[in-house]
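Below is the file final.cif, which contains mmCIF, C-alpha atoms.
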```
data_start
loop_
_atom_site.label_atom_id
_atom_site.label_comp_id
_atom_site.auth_asym_id
_atom_site.auth_seq_id
_atom_site.Cartn_x
_atom_site.Cartn_y
_atom_site.Cartn_z
CA MET A 1 -2.18 -4.17 170.11
CA ARG A 2 -3.21 -7.72 170.88
CA GLN A 3 -4.97 -9.90 168.37
CA ARG A 4 -8.20 -10.60 170.15
CA ASP A 5 -9.81 -12.84 167.58
CA GLY A 6 -9.07 -16.03 169.43
CA ILE A 7 -12.76 -16.76 169.75
CA GLN A 8 -13.26 -20.46 169.38
CA ARG A 9 -16.33 -20.66 167.22
CA THR A 10 -18.47 -23.72 167.77
CA PRO A 11 -19.76 -25.52 164.68
CA GLU A 12 -23.24 -24.32 165.68
CA GLU A 13 -22.13 -20.70 165.62
CA THR A 14 -20.40 -21.18 162.30
CA GLY A 15 -23.54 -22.88 161.05
CA LYS A 16 -25.67 -19.95 162.23
CA ARG A 17 -23.38 -17.51 160.49
CA ARG A 18 -23.51 -19.55 157.31
CA ALA A 19 -27.29 -19.71 157.47
CA ALA A 20 -27.53 -15.96 158.04
CA ARG A 21 -25.24 -15.30 155.09
CA LEU A 22 -27.30 -17.56 152.84
CA CYS A 23 -30.54 -15.86 153.84
CA LEU A 24 -29.06 -12.42 153.28
CA LEU A 25 -27.61 -13.48 149.93
CA ALA A 26 -31.01 -14.73 148.86
CA ALA A 27 -32.60 -11.48 149.99
CA ALA A 28 -29.99 -9.41 148.15
CA ALA A 29 -30.44 -11.45 144.99
CA LEU A 30 -34.21 -11.04 145.25
CA LEU A 31 -33.84 -7.28 145.73
CA THR A 32 -31.60 -7.08 142.69
CA VAL A 33 -34.08 -8.98 140.53
CA LEU A 34 -36.98 -6.86 141.81
CA GLY A 35 -34.92 -3.78 141.05
CA ILE A 36 -34.30 -4.95 137.50
CA LEU A 37 -38.02 -5.61 137.06
CA ASN A 38 -39.10 -2.24 138.48
CA GLY A 39 -36.75 -0.33 136.17
CA GLY A 40 -33.93 0.42 138.59
CA MET A 41 -31.30 -1.03 136.27
CA GLN A 42 -32.53 1.19 133.44
CA ASP A 43 -32.25 4.21 135.76
CA VAL A 44 -28.60 3.33 136.47
CA LEU A 45 -27.87 3.01 132.76
CA THR A 46 -29.63 6.29 131.94
CA LYS A 47 -27.58 8.14 134.53
CA ALA A 48 -24.27 6.46 133.70
CA VAL A 49 -24.31 7.10 129.93
CA TRP A 50 -24.58 10.86 130.41
CA ILE A 51 -21.75 12.98 131.81
CA CYS A 52 -22.43 13.47 135.52
CA THR A 53 -21.95 17.23 135.80
CA GLU A 54 -22.12 17.01 139.60
CA CYS A 55 -19.31 14.43 139.65
CA ILE A 56 -16.93 16.54 137.54
CA GLY A 57 -17.57 19.71 139.49
CA LEU A 58 -19.94 21.57 137.22
CA GLY A 59 -22.96 21.31 139.53
CA MET B 1 22.44 -10.65 135.44
CA ALA B 2 22.65 -11.34 139.17
CA LYS B 3 21.87 -7.68 139.89
CA ILE B 4 18.76 -7.90 137.73
CA ARG B 5 17.67 -11.04 139.53
CA ILE B 6 18.17 -9.38 142.93
CA TRP B 7 16.30 -6.28 141.79
CA TRP B 8 13.43 -8.39 140.43
CA ALA B 9 13.22 -10.45 143.60
CA LYS B 10 12.88 -7.25 145.59
CA TYR B 11 10.50 -5.30 143.34
CA ARG B 12 8.47 -7.86 141.47
CA PRO B 13 4.77 -7.11 141.92
CA THR B 14 2.81 -9.24 144.34
CA THR B 15 -0.31 -11.13 143.28
CA ARG B 16 -2.42 -8.45 144.91
CA LYS B 17 -0.76 -5.67 142.91
CA LEU B 18 -1.37 -7.57 139.70
CA VAL B 19 -5.02 -8.16 140.64
CA GLN B 20 -5.43 -4.46 141.47
CA LEU B 21 -3.95 -3.48 138.09
CA ALA B 22 -6.14 -5.97 136.24
CA ALA B 23 -9.25 -4.80 138.13
CA ALA B 24 -8.50 -1.14 137.36
CA LEU B 25 -8.03 -1.91 133.67
CA LEU B 26 -11.13 -4.10 133.49
CA GLN B 27 -13.32 -1.45 135.11
CA ASN B 28 -11.78 1.19 132.82
CA ALA B 29 -11.42 -0.77 129.61
CA ASN B 30 -12.68 2.01 127.32
CA LEU B 31 -9.29 3.66 127.04
CA LYS B 32 -10.18 5.23 123.71
CA GLY B 33 -12.57 7.45 125.66
CA PHE B 34 -9.58 9.54 126.71
CA ALA B 35 -8.56 10.02 123.08
CA GLU B 36 -12.10 10.97 122.07
CA GLY B 37 -12.99 13.04 125.12
CA LYS B 38 -16.25 11.12 125.52
CA ILE B 39 -17.64 8.69 128.08
CA TYR B 40 -18.64 5.14 127.27
CA THR B 41 -22.36 4.68 126.59
CA GLY B 42 -22.60 0.90 126.24
CA GLN B 43 -25.04 -1.42 128.02
CA THR B 44 -22.44 -2.57 130.56
CA LYS B 45 -22.94 0.75 132.28
CA ALA B 46 -26.19 -0.63 133.67
CA VAL B 47 -24.08 -2.77 136.01
CA CYS B 48 -22.28 -1.34 139.03
CA VAL B 49 -18.63 -2.17 139.51
CA PRO B 50 -17.74 -3.15 143.08
CA GLY B 51 -15.20 -0.38 143.82
CA LEU B 52 -15.15 3.41 143.68
CA ASN B 53 -14.84 4.29 140.00
CA CYS B 54 -16.53 7.39 138.61
CA TYR B 55 -18.87 6.64 135.72
CA SER B 56 -17.88 9.97 134.14
CA CYS B 57 -14.36 8.70 133.65
CA PRO B 58 -13.98 8.39 129.85
CA ALA B 59 -12.62 4.87 130.30
CA ALA B 60 -15.25 3.57 132.75
CA VAL B 61 -17.34 0.70 131.42
CA GLY B 62 -19.53 0.24 134.49
CA ALA B 63 -21.48 2.39 136.90
CA CYS B 64 -20.13 3.66 140.22
CA PRO B 65 -22.07 1.95 143.03
CA LEU B 66 -21.93 5.03 145.23
CA GLY B 67 -23.13 7.40 142.51
CA ALA B 68 -25.82 4.93 141.51
CA LEU B 69 -26.93 4.60 145.14
CA GLN B 70 -27.28 8.35 145.59
CA ASN B 71 -29.24 8.74 142.37
CA ALA B 72 -31.47 5.79 143.20
CA LEU B 73 -32.19 7.26 146.65
CA SER B 74 -32.95 10.61 145.04
CA VAL B 75 -35.79 9.06 143.02
CA SER B 76 -36.83 6.51 145.64
CA ALA B 77 -40.16 8.30 146.12
CA GLN B 78 -41.08 7.17 142.61
CA ARG B 79 -39.12 3.93 142.48
CA PRO B 80 -37.57 2.04 145.44
CA ALA B 81 -33.79 1.61 145.15
CA PHE B 82 -33.97 -2.18 145.11
CA TYR B 83 -31.49 -2.77 142.29
CA VAL B 84 -28.56 -0.74 143.63
CA ILE B 85 -29.09 -1.77 147.25
CA GLY B 86 -29.37 -5.42 146.19
CA LEU B 87 -26.16 -5.22 144.15
CA ILE B 88 -24.18 -3.50 146.89
CA ALA B 89 -25.45 -6.06 149.39
CA LEU B 90 -24.36 -8.88 147.08
CA PHE B 91 -20.88 -7.36 146.78
CA GLY B 92 -20.68 -6.89 150.53
CA LEU B 93 -21.89 -10.38 151.42
CA LEU B 94 -19.56 -12.08 148.95
CA LEU B 95 -16.42 -9.99 149.27
CA GLY B 96 -16.88 -7.35 151.98
CA ARG B 97 -13.92 -5.01 152.27
CA MET B 98 -11.82 -7.37 150.21
CA ILE B 99 -13.13 -5.14 147.43
CA CYS B 100 -11.22 -2.25 148.99
CA GLY B 101 -8.01 -4.24 149.24
CA TRP B 102 -8.06 -6.00 145.88
CA LEU B 103 -10.54 -4.48 143.41
CA CYS B 104 -11.01 -0.76 144.04
CA PRO B 105 -9.16 1.42 141.48
CA PHE B 106 -9.12 4.42 143.79
CA GLY B 107 -7.68 2.31 146.59
CA TRP B 108 -4.94 1.20 144.23
CA ILE B 109 -4.21 4.82 143.28
CA GLN B 110 -3.87 5.70 146.97
CA GLU B 111 -1.37 2.87 147.49
CA LEU B 112 0.68 4.13 144.55
CA LEU B 113 0.67 7.65 146.02
CA TYR B 114 1.91 6.29 149.35
CA LYS B 115 5.00 4.97 147.58
CA ALA B 116 6.10 8.57 146.94
CA PRO B 117 9.04 9.58 149.14
CA GLY B 118 8.20 11.51 152.27
CA PRO B 119 7.59 11.08 155.99
CA LYS B 120 4.86 8.59 156.80
CA ILE B 121 2.32 9.08 159.58
CA ARG B 122 1.76 5.84 161.44
CA LYS B 123 -1.59 4.69 162.69
CA SER B 124 -2.58 5.56 166.25
CA ARG B 125 -5.61 6.01 168.48
CA VAL B 126 -6.20 9.30 166.66
CA THR B 127 -6.39 7.67 163.24
CA ARG B 128 -8.63 4.96 164.66
CA ALA B 129 -10.96 7.66 165.97
CA LEU B 130 -10.85 9.47 162.60
CA SER B 131 -11.98 6.27 160.89
CA TRP B 132 -15.48 6.87 162.24
CA ILE B 133 -15.83 9.97 160.04
CA LYS B 134 -16.62 7.88 156.98
CA TYR B 135 -19.83 6.63 158.61
CA GLY B 136 -20.94 10.21 159.06
CA VAL B 137 -20.06 10.97 155.41
CA LEU B 138 -22.07 7.92 154.36
CA ALA B 139 -25.08 8.86 156.43
CA VAL B 140 -25.18 12.56 155.55
CA PHE B 141 -23.82 12.89 152.02
CA ALA B 142 -24.62 9.51 150.50
CA VAL B 143 -27.99 8.81 152.13
CA ILE B 144 -29.77 11.65 153.94
CA LEU B 145 -29.08 14.53 151.56
CA PRO B 146 -29.91 12.61 148.36
CA LEU B 147 -33.09 11.30 150.01
CA TRP B 148 -34.16 14.67 151.32
CA TYR B 149 -33.38 16.58 148.16
CA GLY B 150 -35.02 13.89 146.07
CA ILE B 151 -38.23 14.07 148.07
CA THR B 152 -38.39 17.84 148.39
CA LYS B 153 -36.67 19.29 145.35
CA PHE B 154 -34.54 17.55 142.74
CA PRO B 155 -32.15 14.61 142.54
CA MET B 156 -28.77 15.45 144.05
CA PRO B 157 -25.87 13.04 144.58
CA ALA B 158 -24.38 15.08 147.43
CA PHE B 159 -21.22 13.03 147.94
CA CYS B 160 -20.41 13.05 144.23
CA LYS B 161 -21.16 16.75 143.97
CA TYR B 162 -19.35 18.13 147.01
CA ILE B 163 -16.67 15.63 148.00
CA CYS B 164 -15.71 12.72 145.76
CA PRO B 165 -12.09 13.13 144.62
CA ALA B 166 -12.41 10.11 142.32
CA GLY B 167 -14.90 12.05 140.21
CA THR B 168 -12.54 15.02 139.97
CA LEU B 169 -9.51 12.88 139.17
CA GLU B 170 -11.05 10.30 136.87
CA GLY B 171 -14.02 12.20 135.43
CA ALA B 172 -13.12 15.86 135.40
CA ALA B 173 -9.44 15.48 134.58
CA GLY B 174 -10.17 12.87 131.94
CA LEU B 175 -12.81 14.95 130.16
CA LEU B 176 -11.74 18.55 130.66
CA ILE B 177 -8.22 18.21 129.29
CA HIS B 178 -9.60 17.13 125.92
CA PRO B 179 -9.81 19.95 123.32
CA ALA B 180 -13.32 18.84 122.29
CA ASN B 181 -14.67 19.71 125.73
CA ALA B 182 -13.93 23.44 125.69
CA GLY B 183 -17.62 24.02 126.36
CA LEU B 184 -17.40 22.11 129.62
CA ARG B 185 -14.29 24.01 130.64
CA SER B 186 -16.11 27.32 130.15
CA MET B 187 -18.64 26.20 132.80
CA LEU B 188 -16.10 25.72 135.60
CA GLY B 189 -16.84 27.70 138.74
CA GLU B 190 -16.62 27.66 142.51
CA LEU B 191 -17.82 24.11 142.86
CA PHE B 192 -14.98 22.88 140.70
CA SER B 193 -12.52 24.90 142.77
CA LEU B 194 -13.83 23.20 145.91
CA LYS B 195 -13.59 19.74 144.38
CA ALA B 196 -10.12 20.43 143.00
CA ALA B 197 -8.99 21.57 146.45
CA ILE B 198 -10.39 18.37 147.98
CA LEU B 199 -8.56 16.33 145.34
CA VAL B 200 -5.26 18.09 146.06
CA LEU B 201 -5.79 17.56 149.80
CA THR B 202 -6.58 13.89 149.26
CA VAL B 203 -3.57 13.28 147.01
CA THR B 204 -1.28 15.06 149.48
CA ALA B 205 -2.70 13.19 152.45
CA CYS B 206 -2.25 9.85 150.69
CA VAL B 207 1.47 10.50 150.27
CA PHE B 208 1.89 10.73 154.06
CA VAL B 209 -0.96 8.56 155.34
CA TYR B 210 -1.60 5.08 154.01
CA ARG B 211 -4.96 5.03 152.20
CA ALA B 212 -6.10 8.24 153.89
CA PHE B 213 -9.30 8.50 151.85
CA CYS B 214 -10.21 4.84 152.40
CA ARG B 215 -9.72 5.01 156.11
CA PHE B 216 -11.34 8.34 156.92
CA ILE B 217 -13.77 9.40 154.18
CA CYS B 218 -14.89 6.69 151.75
CA PRO B 219 -18.60 5.93 152.24
CA LEU B 220 -18.33 2.80 150.11
CA GLY B 221 -15.72 1.39 152.47
CA ALA B 222 -18.08 2.29 155.30
CA VAL B 223 -20.87 0.29 153.65
CA TYR B 224 -18.71 -2.77 153.00
CA SER B 225 -17.32 -2.65 156.55
CA LEU B 226 -20.84 -3.41 157.77
CA PHE B 227 -20.44 -6.86 156.23
CA SER B 228 -17.10 -7.58 157.93
CA ARG B 229 -18.52 -10.27 160.20
CA ILE B 230 -20.49 -12.07 157.55
CA ALA B 231 -18.74 -11.72 154.19
CA LEU B 232 -17.93 -15.00 152.50
CA ALA B 233 -14.36 -14.12 151.49
CA GLY B 234 -11.70 -12.52 153.64
CA VAL B 235 -8.85 -12.96 156.06
CA ARG B 236 -9.40 -15.65 158.68
CA VAL B 237 -7.50 -16.42 161.85
CA GLU B 238 -7.27 -20.02 163.01
CA ALA B 239 -8.22 -19.52 166.62
CA SER B 240 -6.70 -22.77 167.85
CA VAL B 241 -3.30 -21.82 166.41
CA CYS B 242 -3.22 -18.08 167.17
CA SER B 243 -0.98 -17.21 170.13
CA GLY B 244 -2.28 -13.64 170.45
CA CYS B 245 1.18 -12.14 169.84
CA GLY B 246 -0.34 -9.23 167.87
CA ALA B 247 2.32 -9.22 165.13
CA CYS B 248 -0.45 -9.06 162.52
CA VAL B 249 -2.07 -5.99 164.04
CA ARG B 250 1.27 -4.23 164.56
CA THR B 251 2.27 -4.83 160.93
CA CYS B 252 -1.08 -3.82 159.48
CA ARG B 253 -1.17 -0.28 158.08
CA MET B 254 -4.95 0.03 158.49
CA ASP B 255 -6.59 0.95 161.79
CA VAL B 256 -7.47 -2.60 162.78
CA LEU B 257 -7.88 -3.70 166.37
CA ARG B 258 -7.94 -7.30 165.17
CA VAL B 259 -7.49 -8.98 161.81
CA GLY B 260 -10.76 -9.08 159.92
CA ASP B 261 -12.53 -6.28 161.79
CA ARG B 262 -14.37 -3.38 160.13
CA GLU B 263 -11.13 -1.59 159.22
CA CYS B 264 -9.45 -4.62 157.67
CA ILE B 265 -9.26 -4.47 153.87
CA HIS B 266 -8.21 -8.13 153.68
CA CYS B 267 -5.04 -7.34 151.76
CA GLY B 268 -3.37 -10.38 153.33
CA GLU B 269 -0.08 -8.74 154.27
CA CYS B 270 -0.51 -10.18 157.76
CA VAL B 271 -0.48 -13.73 156.38
CA SER B 272 3.28 -13.76 155.96
CA VAL B 273 4.13 -12.11 159.31
CA CYS B 274 2.19 -14.49 161.54
CA PRO B 275 4.79 -16.59 163.37
CA GLU B 276 2.21 -19.30 164.06
CA LYS B 277 0.98 -19.35 160.44
CA ALA B 278 -2.55 -18.95 161.75
CA ILE B 279 -3.79 -16.48 159.12
CA SER B 280 -5.11 -17.14 155.64
CA ILE B 281 -7.40 -15.57 153.08
CA ARG B 282 -10.37 -17.80 152.42
CA ALA B 283 -13.56 -17.86 150.43
CA GLY B 284 -15.65 -20.32 152.39
CA LYS B 285 -13.51 -23.42 152.68
CA LEU B 286 -11.27 -22.49 149.74
CA VAL B 287 -7.87 -21.10 150.76
CA LEU B 288 -6.90 -18.25 148.43
CA LYS B 289 -3.72 -17.26 150.23
CA GLY B 290 -2.21 -19.01 153.18
CA PRO B 291 1.06 -19.92 154.78
CA GLU B 292 1.12 -23.07 152.66
CA THR B 293 0.93 -21.11 149.37
CA GLY B 294 4.40 -19.63 150.06
CA GLU B 295 3.46 -15.99 149.45
CA ARG B 296 6.34 -13.55 149.51
CA ARG B 297 6.58 -11.11 152.41
CA ARG B 298 6.52 -7.37 151.70
CA PRO B 299 10.22 -6.30 151.45
CA ASP B 300 9.99 -3.75 154.27
CA THR B 301 8.04 -5.97 156.67
CA LYS B 302 9.69 -6.59 160.00
CA ILE B 303 8.36 -9.27 162.28
CA ALA B 304 7.65 -7.62 165.60
#
```

Would you mind writing the file out in structure tokens?
Amino acid sequence: MRQRDGIQRTPEETGKRRAARLCLLAAAALLTVLGILNGGMQDVLTKAVWICTECIGLG
Amino acid sequence: MAKIRIWWAKYRPTTRKLVQLAAALLQNANLKGFAEGKIYTGQTKAVCVPGLNCYSCPAAVGACPLGALQNALSVSAQRPAFYVIGLIALFGLLLGRMICGWLCPFGWIQELLYKAPGPKIRKSRVTRALSWIKYGVLAVFAVILPLWYGITKFPMPAFCKYICPAGTLEGAAGLLIHPANAGLRSMLGELFSLKAAILVLTVTACVFVYRAFCRFICPLGAVYSLFSRIALAGVRVEASVCSGCGACVRTCRMDVLRVGDRECIHCGECVSVCPEKAISIRAGKLVLKGPETGERRRPDTKIA
């Protein structure tokens, strides 16, 4: 199989990709913070400190 | 002494193997949980680890991102799943499927199983086609069923409940063998038989097929593959140097069509086989592994 990733990326394209990544990172960080504030992190902790009977095959 | 040196040169663990071992131990640092037959209940379990690691494993010190996602979707009618989705997105944007290749304990276990003697099934168009199954598993078992059950009935992590072999291996095996958990053992039924059968099938498949679970079933790998084009860290090909010989793709044991695509786990084994030295693992501008770092080639690698 031939390596097809010989795409010559222009600085503008690399810049666009970088900008997109930064925006998405900011959005993900914001989501995470919102999730902590709305109690999502506490939900994860509450679930994780009890044996997950579904996970171990007890239903 | 010379024999020892030759043996060590051939079998000494690569950097990636050491990182995988360290990651597995870090994510499962509560080893005394096995001795006590209990799971860890500390505050670190509020944070998801990046790889597939059941939070019912007695040693686990973090939460499984896939289990957490399913549970968060199950209660999303009351509380949007911002936290888990945000964390998984952060992991994906920063590391992508490099998590699969370097940090996932279950991926490491599969690589160890593949070392067992036996015939090996090479990748082909069939295995490439089978790699699409994991997106269906993600959509149905990790998203739709938990959402639907959560809205209509009760929370149900469908992937964890009906499929996940990591839960059976790490959680069930770790807890049920302990004498203190006789009560749990008395509750075993058909569901456990199904999960045990899936575990046996997975372990067997991984002996013959490199990372069979990763490639064909793992929904977490499916999620991280969505970030393949945009993740900060990963394998990069220097386009101006690449001759298109395809040695990297031929050597790769995953179902890649090109280095760095959705099936690439960024293990970096292609770095040492590139005759043009066009491949490196980077995080932004930082070179983590490249031809200039002098990384050792895998002993059985042949340059095509």

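Proximity of B:Pro275, B:Gly86, B:Pro80, B:Gly136 to Leu25 of chain A, computed with only C-alpha atoms, is greatest for B:Gly86.
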
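Considering all atoms listed in the file, the residue among A:Trp50, A:Thr32, A:Asn38, A:Ala20 positioned nearest to chain B is A:Thr32.
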
Any idea which chain B residues end up within 6 Å of chain A if we count all atoms listed in the file, as a PyMOL selection string please? chain B and resi 41+45-46+55-56+63+68+82-83+86-87+89-90+160-161+167-168+171-172+188+191-192+239+244+246+258

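Checking B:Cys214, B:Ala196, B:Leu94, B:Cys104 one by one against Leu26 of chain B, counting all atoms listed in the file, you find the shortest gap at B:Cys104.
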
Spell out the residues picked by the PyMOL selection byres ((chain B and resi 253) around 7) here, as a list in words. Lys123, Tyr210, Thr251, Cys252, Met254 and Asp255 of chain B

Would you kindly return, as a PyMOL selection string, each protein, DNA or RNA residue with an atom no farther than 8 Å from any atom of Pro146 of chain B, considering only C-alpha atoms and excluding same-chain residues fewer than 2 positions away? chain B and resi 70-71+73-74+141-144+148-150+155-158

Could the residues in this selection be saved with C-alpha atoms as a compact mmCIF listing (two decimals), keeping the file's coordinate frame?
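Saved file again.txt follows:
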```
# COMPACT_ATOMS: atom_id res chain seq x y z
CA GLN B 70 -27.28 8.35 145.59
CA ASN B 71 -29.24 8.74 142.37
CA LEU B 73 -32.19 7.26 146.65
CA SER B 74 -32.95 10.61 145.04
CA PHE B 141 -23.82 12.89 152.02
CA ALA B 142 -24.62 9.51 150.50
CA VAL B 143 -27.99 8.81 152.13
CA ILE B 144 -29.77 11.65 153.94
CA TRP B 148 -34.16 14.67 151.32
CA TYR B 149 -33.38 16.58 148.16
CA GLY B 150 -35.02 13.89 146.07
CA PRO B 155 -32.15 14.61 142.54
CA MET B 156 -28.77 15.45 144.05
CA PRO B 157 -25.87 13.04 144.58
CA ALA B 158 -24.38 15.08 147.43
```

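You will find atom CA of Val241 of chain B at 14.3 Å from atom CA of Val259 of chain B.
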
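Atom to atom, atom CA of Gln78 of chain B and atom CA of Lys134 of chain B stand 28.4 Å apart.
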
Can you tell me how far atom CA of Val287 of chain B sits from atom CA of Ile109 of chain B, in Å to one decimal? 27.2 Å

Can you work out which one of B:Glu276, B:Glu263, B:Glu269, B:Glu190 has the shortest atom-to-atom distance to Arg211 of chain B, counting all atoms listed in the file? B:Glu263

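Across B:Cys270, B:Val61, B:Leu93, B:Cys48, the tightest approach to Asn28 of chain B is made by B:Val61 when counting only C-alpha atoms.
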